[in-house]
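Shown here: my_file-v3.txt, compact mmCIF, N, CA and C atoms.
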```
# COMPACT_ATOMS: atom_id res chain seq x y z
N MET A 1 84.29 115.93 118.01
CA MET A 1 84.18 117.03 118.93
C MET A 1 82.88 117.76 118.62
N ALA A 2 82.15 118.12 119.67
CA ALA A 2 80.91 118.85 119.53
C ALA A 2 80.86 119.93 120.61
N VAL A 3 80.32 121.08 120.24
CA VAL A 3 80.18 122.19 121.18
C VAL A 3 78.71 122.52 121.31
N GLU A 4 78.23 122.61 122.54
CA GLU A 4 76.83 122.96 122.81
C GLU A 4 76.79 124.29 123.55
N GLU A 5 75.93 125.18 123.09
CA GLU A 5 75.73 126.46 123.77
C GLU A 5 74.74 126.25 124.91
N HIS A 6 75.06 126.79 126.09
CA HIS A 6 74.18 126.66 127.24
C HIS A 6 73.73 128.01 127.77
N GLY A 7 73.97 129.07 127.02
CA GLY A 7 73.53 130.40 127.44
C GLY A 7 74.42 130.98 128.52
N GLY A 8 74.36 132.28 128.65
CA GLY A 8 75.15 132.94 129.68
C GLY A 8 76.64 132.84 129.43
N GLY A 9 77.05 132.61 128.21
CA GLY A 9 78.46 132.50 127.89
C GLY A 9 79.08 131.15 128.21
N CYS A 10 78.24 130.18 128.57
CA CYS A 10 78.75 128.85 128.90
C CYS A 10 78.61 127.91 127.71
N GLN A 11 79.59 127.09 127.53
CA GLN A 11 79.56 126.09 126.47
C GLN A 11 79.97 124.74 127.04
N LEU A 12 79.41 123.69 126.46
CA LEU A 12 79.80 122.34 126.80
C LEU A 12 80.49 121.74 125.58
N VAL A 13 81.71 121.29 125.78
CA VAL A 13 82.48 120.70 124.69
C VAL A 13 82.56 119.20 124.95
N ARG A 14 82.14 118.41 123.97
CA ARG A 14 82.23 116.96 124.07
C ARG A 14 83.29 116.48 123.07
N VAL A 15 84.18 115.64 123.57
CA VAL A 15 85.26 115.12 122.74
C VAL A 15 85.24 113.60 122.80
N LYS A 16 85.29 112.97 121.64
CA LYS A 16 85.40 111.51 121.58
C LYS A 16 86.76 111.19 120.97
N ALA A 17 87.54 110.45 121.71
CA ALA A 17 88.88 110.08 121.25
C ALA A 17 88.97 108.57 121.20
N TRP A 18 89.53 108.05 120.12
CA TRP A 18 89.66 106.61 119.94
C TRP A 18 90.98 106.34 119.23
N PRO A 19 91.79 105.42 119.76
CA PRO A 19 93.07 105.14 119.10
C PRO A 19 92.88 104.37 117.79
N VAL A 20 93.75 104.63 116.85
CA VAL A 20 93.73 103.92 115.57
C VAL A 20 94.90 102.94 115.57
N ILE A 21 94.59 101.67 115.33
CA ILE A 21 95.61 100.63 115.35
C ILE A 21 95.86 100.18 113.91
N PRO A 22 97.10 100.29 113.42
CA PRO A 22 97.39 99.83 112.06
C PRO A 22 97.12 98.33 111.91
N ALA A 23 96.67 97.92 110.76
CA ALA A 23 96.27 96.52 110.53
C ALA A 23 97.45 95.55 110.58
N ARG A 24 98.65 96.02 110.29
CA ARG A 24 99.77 95.08 110.21
C ARG A 24 100.10 94.44 111.56
N GLY A 25 99.86 95.14 112.67
CA GLY A 25 100.16 94.58 113.99
C GLY A 25 99.32 93.35 114.31
N PRO A 26 97.99 93.47 114.25
CA PRO A 26 97.17 92.28 114.52
C PRO A 26 97.37 91.16 113.50
N ILE A 27 97.67 91.50 112.25
CA ILE A 27 97.90 90.47 111.24
C ILE A 27 99.17 89.68 111.56
N VAL A 28 100.23 90.38 111.95
CA VAL A 28 101.48 89.70 112.32
C VAL A 28 101.26 88.82 113.54
N SER A 29 100.54 89.36 114.54
CA SER A 29 100.28 88.58 115.75
C SER A 29 99.44 87.35 115.45
N LEU A 30 98.46 87.50 114.60
CA LEU A 30 97.62 86.36 114.23
C LEU A 30 98.43 85.29 113.49
N ALA A 31 99.27 85.73 112.56
CA ALA A 31 100.10 84.77 111.81
C ALA A 31 101.05 84.02 112.75
N LEU A 32 101.65 84.73 113.69
CA LEU A 32 102.54 84.08 114.66
C LEU A 32 101.77 83.13 115.57
N ALA A 33 100.56 83.51 115.96
CA ALA A 33 99.75 82.64 116.80
C ALA A 33 99.38 81.35 116.07
N VAL A 34 99.07 81.45 114.78
CA VAL A 34 98.78 80.26 113.98
C VAL A 34 100.00 79.36 113.90
N MET A 35 101.18 79.96 113.74
CA MET A 35 102.40 79.16 113.70
C MET A 35 102.67 78.50 115.05
N ALA A 36 102.36 79.19 116.14
CA ALA A 36 102.54 78.60 117.47
C ALA A 36 101.60 77.41 117.67
N VAL A 37 100.37 77.54 117.21
CA VAL A 37 99.42 76.43 117.31
C VAL A 37 99.89 75.26 116.46
N ALA A 38 100.42 75.54 115.28
CA ALA A 38 100.95 74.46 114.43
C ALA A 38 102.13 73.76 115.11
N ALA A 39 102.98 74.53 115.78
CA ALA A 39 104.11 73.93 116.51
C ALA A 39 103.60 73.08 117.67
N LEU A 40 102.55 73.54 118.35
CA LEU A 40 101.96 72.73 119.42
C LEU A 40 101.39 71.42 118.88
N HIS A 41 100.78 71.52 117.71
CA HIS A 41 100.21 70.32 117.08
C HIS A 41 101.29 69.29 116.76
N ASP A 42 102.49 69.78 116.43
CA ASP A 42 103.62 68.89 116.13
C ASP A 42 104.43 68.53 117.37
N HIS A 43 103.94 68.92 118.55
CA HIS A 43 104.60 68.63 119.83
C HIS A 43 105.99 69.28 119.94
N ALA A 44 106.17 70.41 119.29
CA ALA A 44 107.42 71.18 119.42
C ALA A 44 107.18 72.25 120.48
N TRP A 45 107.24 71.85 121.74
CA TRP A 45 106.82 72.71 122.85
C TRP A 45 107.68 73.97 122.96
N SER A 46 108.98 73.83 122.85
CA SER A 46 109.85 75.00 123.02
C SER A 46 109.68 75.99 121.87
N VAL A 47 109.55 75.45 120.67
CA VAL A 47 109.33 76.32 119.51
C VAL A 47 107.98 77.03 119.64
N ALA A 48 106.96 76.30 120.09
CA ALA A 48 105.63 76.90 120.27
C ALA A 48 105.68 78.00 121.32
N ALA A 49 106.45 77.81 122.38
CA ALA A 49 106.56 78.83 123.43
C ALA A 49 107.23 80.09 122.91
N VAL A 50 108.30 79.93 122.15
CA VAL A 50 109.02 81.08 121.61
C VAL A 50 108.15 81.83 120.61
N ILE A 51 107.50 81.11 119.71
CA ILE A 51 106.65 81.76 118.71
C ILE A 51 105.41 82.37 119.38
N GLY A 52 104.88 81.70 120.40
CA GLY A 52 103.74 82.25 121.13
C GLY A 52 104.10 83.55 121.83
N LEU A 53 105.29 83.60 122.41
CA LEU A 53 105.76 84.84 123.01
C LEU A 53 105.93 85.93 121.95
N ALA A 54 106.45 85.54 120.80
CA ALA A 54 106.61 86.49 119.69
C ALA A 54 105.25 87.00 119.20
N ALA A 55 104.21 86.20 119.32
CA ALA A 55 102.86 86.63 118.94
C ALA A 55 102.27 87.55 120.00
N PHE A 56 102.62 87.34 121.25
CA PHE A 56 102.05 88.10 122.36
C PHE A 56 102.68 89.49 122.51
N LEU A 57 103.98 89.62 122.20
CA LEU A 57 104.67 90.89 122.40
C LEU A 57 104.12 92.04 121.56
N PRO A 58 103.82 91.87 120.27
CA PRO A 58 103.24 92.99 119.52
C PRO A 58 101.88 93.43 120.08
N VAL A 59 101.11 92.49 120.58
CA VAL A 59 99.81 92.85 121.17
C VAL A 59 100.03 93.72 122.40
N MET A 60 100.99 93.34 123.23
CA MET A 60 101.26 94.13 124.42
C MET A 60 101.83 95.51 124.07
N LYS A 61 102.61 95.59 123.01
CA LYS A 61 103.15 96.88 122.57
C LYS A 61 102.02 97.80 122.09
N VAL A 62 101.06 97.25 121.37
CA VAL A 62 99.91 98.04 120.92
C VAL A 62 99.12 98.54 122.11
N VAL A 63 98.89 97.68 123.08
CA VAL A 63 98.15 98.09 124.28
C VAL A 63 98.91 99.20 125.01
N GLU A 64 100.21 99.04 125.17
CA GLU A 64 101.02 100.05 125.85
C GLU A 64 100.94 101.40 125.13
N GLU A 65 101.09 101.39 123.82
CA GLU A 65 101.09 102.64 123.07
C GLU A 65 99.72 103.30 123.04
N THR A 66 98.65 102.52 122.93
CA THR A 66 97.32 103.12 122.93
C THR A 66 96.97 103.69 124.30
N VAL A 67 97.37 103.01 125.36
CA VAL A 67 97.12 103.54 126.70
C VAL A 67 97.89 104.84 126.90
N ALA A 68 99.13 104.90 126.47
CA ALA A 68 99.93 106.12 126.61
C ALA A 68 99.33 107.26 125.78
N ALA A 69 98.89 106.96 124.58
CA ALA A 69 98.31 108.00 123.72
C ALA A 69 97.01 108.54 124.31
N MET A 70 96.15 107.65 124.79
CA MET A 70 94.89 108.10 125.36
C MET A 70 95.12 108.86 126.66
N ALA A 71 96.11 108.47 127.45
CA ALA A 71 96.44 109.21 128.67
C ALA A 71 96.91 110.62 128.34
N SER A 72 97.67 110.77 127.26
CA SER A 72 98.13 112.09 126.83
C SER A 72 96.96 112.96 126.41
N VAL A 73 96.04 112.39 125.65
CA VAL A 73 94.86 113.14 125.20
C VAL A 73 94.03 113.57 126.41
N LEU A 74 93.77 112.64 127.32
CA LEU A 74 92.97 112.97 128.51
C LEU A 74 93.66 114.02 129.38
N SER A 75 94.97 113.93 129.51
CA SER A 75 95.71 114.91 130.29
C SER A 75 95.58 116.31 129.68
N ALA A 76 95.73 116.38 128.36
CA ALA A 76 95.59 117.67 127.69
C ALA A 76 94.18 118.23 127.83
N LEU A 77 93.18 117.38 127.71
CA LEU A 77 91.80 117.84 127.86
C LEU A 77 91.52 118.31 129.29
N ARG A 78 92.07 117.63 130.27
CA ARG A 78 91.90 118.06 131.67
C ARG A 78 92.56 119.41 131.92
N ARG A 79 93.75 119.62 131.33
CA ARG A 79 94.40 120.91 131.49
C ARG A 79 93.57 122.02 130.87
N VAL A 80 93.00 121.77 129.70
CA VAL A 80 92.14 122.77 129.06
C VAL A 80 90.92 123.04 129.92
N ARG A 81 90.31 121.99 130.43
CA ARG A 81 89.11 122.13 131.28
C ARG A 81 89.45 122.95 132.52
N ASP A 82 90.56 122.63 133.17
CA ASP A 82 90.92 123.33 134.39
C ASP A 82 91.27 124.79 134.13
N THR A 83 91.88 125.06 132.99
CA THR A 83 92.21 126.44 132.62
C THR A 83 90.95 127.24 132.33
N GLU A 84 90.01 126.65 131.62
CA GLU A 84 88.78 127.33 131.26
C GLU A 84 87.84 127.47 132.46
N ALA A 85 87.95 126.59 133.44
CA ALA A 85 87.07 126.67 134.60
C ALA A 85 87.43 127.84 135.50
N LYS A 86 88.66 128.36 135.38
CA LYS A 86 89.11 129.48 136.20
C LYS A 86 89.42 130.68 135.30
N PRO A 87 88.39 131.33 134.73
CA PRO A 87 88.66 132.41 133.77
C PRO A 87 89.28 133.65 134.39
N GLY A 88 89.12 133.88 135.69
CA GLY A 88 89.66 135.09 136.32
C GLY A 88 91.15 135.04 136.59
N GLU A 89 91.75 133.90 136.50
CA GLU A 89 93.18 133.77 136.84
C GLU A 89 94.06 133.90 135.65
```
For this file, write the structure as structure tokens.
Amino acid sequence: MAVEEHGGGCQLVRVKAWPVIPARGPIVSLALAVMAVAALHDHAWSVAAVIGLAAFLPVMKVVEETVAAMASVLSALRRVRDTEAKPGE
């Protein structure tokens, strides 16, 4: 977060928000993906499909949670911006 003075009582606030993803999620997904590839190599198609789906689901959960978190941050920042833009109300 940075605040810049622009004179006349005006300020510009810059905010950089970035989600933090715990390392265990991608590690688990990578390990499951390697097992799915090994199952494909052994021609175990159904096992590879199940393990591949198990590798894909944590990735989708991370995407869902980070999108929701960033949407919450942006919503809060927009409310602050809109409140500050109308100081007379």
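Minimum distance to Leu32 of chain A across A:Leu77, A:Val67, A:Ile51, A:Val13 (counting only C-alpha atoms) occurs at A:Ile51.
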If you run DSSP over the backbone, which residues in chain A end up strand (DSSP E or B)? Put them as a list of chain:residue names.
A:Ala2, A:Val3, A:Glu4, A:Glu5, A:Gln11, A:Leu12, A:Val13, A:Arg14
Excluding same-chain residues fewer than 6 positions from Ala55 of chain A, what lies within 8 Å of it counting all atoms listed in the file, as a list of chain:residue names?
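The contact residues come out as A:Val28, A:Ser29, A:Leu30, A:Ala31, A:Leu32, A:Ala33, A:Val34, A:Ala36, A:Ala49.
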Mind dumping the selected residues with N, CA and C atoms as a PDB file, in the frame of the given file?
```pdb
ATOM      1  N   VAL A  28     100.230  90.380 111.950  1.00  0.00           N
ATOM      2  CA  VAL A  28     101.480  89.700 112.320  1.00  0.00           C
ATOM      3  C   VAL A  28     101.260  88.820 113.540  1.00  0.00           C
ATOM      4  N   SER A  29     100.540  89.360 114.540  1.00  0.00           N
ATOM      5  CA  SER A  29     100.280  88.580 115.750  1.00  0.00           C
ATOM      6  C   SER A  29      99.440  87.350 115.450  1.00  0.00           C
ATOM      7  N   LEU A  30      98.460  87.500 114.600  1.00  0.00           N
ATOM      8  CA  LEU A  30      97.620  86.360 114.230  1.00  0.00           C
ATOM      9  C   LEU A  30      98.430  85.290 113.490  1.00  0.00           C
ATOM     10  N   ALA A  31      99.270  85.730 112.560  1.00  0.00           N
ATOM     11  CA  ALA A  31     100.100  84.770 111.810  1.00  0.00           C
ATOM     12  C   ALA A  31     101.050  84.020 112.750  1.00  0.00           C
ATOM     13  N   LEU A  32     101.650  84.730 113.690  1.00  0.00           N
ATOM     14  CA  LEU A  32     102.540  84.080 114.660  1.00  0.00           C
ATOM     15  C   LEU A  32     101.770  83.130 115.570  1.00  0.00           C
ATOM     16  N   ALA A  33     100.560  83.510 115.960  1.00  0.00           N
ATOM     17  CA  ALA A  33      99.750  82.640 116.800  1.00  0.00           C
ATOM     18  C   ALA A  33      99.380  81.350 116.070  1.00  0.00           C
ATOM     19  N   VAL A  34      99.070  81.450 114.780  1.00  0.00           N
ATOM     20  CA  VAL A  34      98.780  80.260 113.980  1.00  0.00           C
ATOM     21  C   VAL A  34     100.000  79.360 113.900  1.00  0.00           C
ATOM     22  N   ALA A  36     102.360  79.190 116.140  1.00  0.00           N
ATOM     23  CA  ALA A  36     102.540  78.600 117.470  1.00  0.00           C
ATOM     24  C   ALA A  36     101.600  77.410 117.670  1.00  0.00           C
ATOM     25  N   ALA A  49     106.450  77.810 122.380  1.00  0.00           N
ATOM     26  CA  ALA A  49     106.560  78.830 123.430  1.00  0.00           C
ATOM     27  C   ALA A  49     107.230  80.090 122.910  1.00  0.00           C
TER      28      ALA A  49
END
```
Using DSSP secondary structure from the backbone, list all helix (DSSP H, G or I) positions within chain A, as a ChimeraX atom specification.
/A:24-41,45-85
Enter the distance from atom CA of Glu65 of chain A to atom N of Arg81 of chain A, in Å, rounded to one decimal.
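So the two atoms, atom CA of Glu65 of chain A and atom N of Arg81 of chain A, lie 23.3 Å apart.
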Can you measure atom N of Met1 of chain A to atom C of Arg14 of chain A for me? One decimal in Å is fine.
5.2 Å
In Å, how far is it from atom CA of Lys16 of chain A to atom CA of Ala76 of chain A?
13.4 Å
Find the residue from A:Val3, A:Met35, A:Val15, A:Val80 that sits nearest to Ala48 of chain A; use only C-alpha atoms when measuring.
A:Met35
I'd like to know which of A:Leu74, A:Ile27, A:Leu12, A:Ala38 is closest to Val59 of chain A, using only C-alpha atoms.
A:Ile27
Edge lengths and centre in Å to one decimal, as lines of an AutoDock Vina configuration file, of the axis-aligned box that encloses all listed atoms of segment 5-24 of chain A with 6 Å added on every side?
```
center_x = 86.8
center_y = 113.7
center_z = 119.9
size_x = 38.6
size_y = 50.5
size_z = 31.5
```
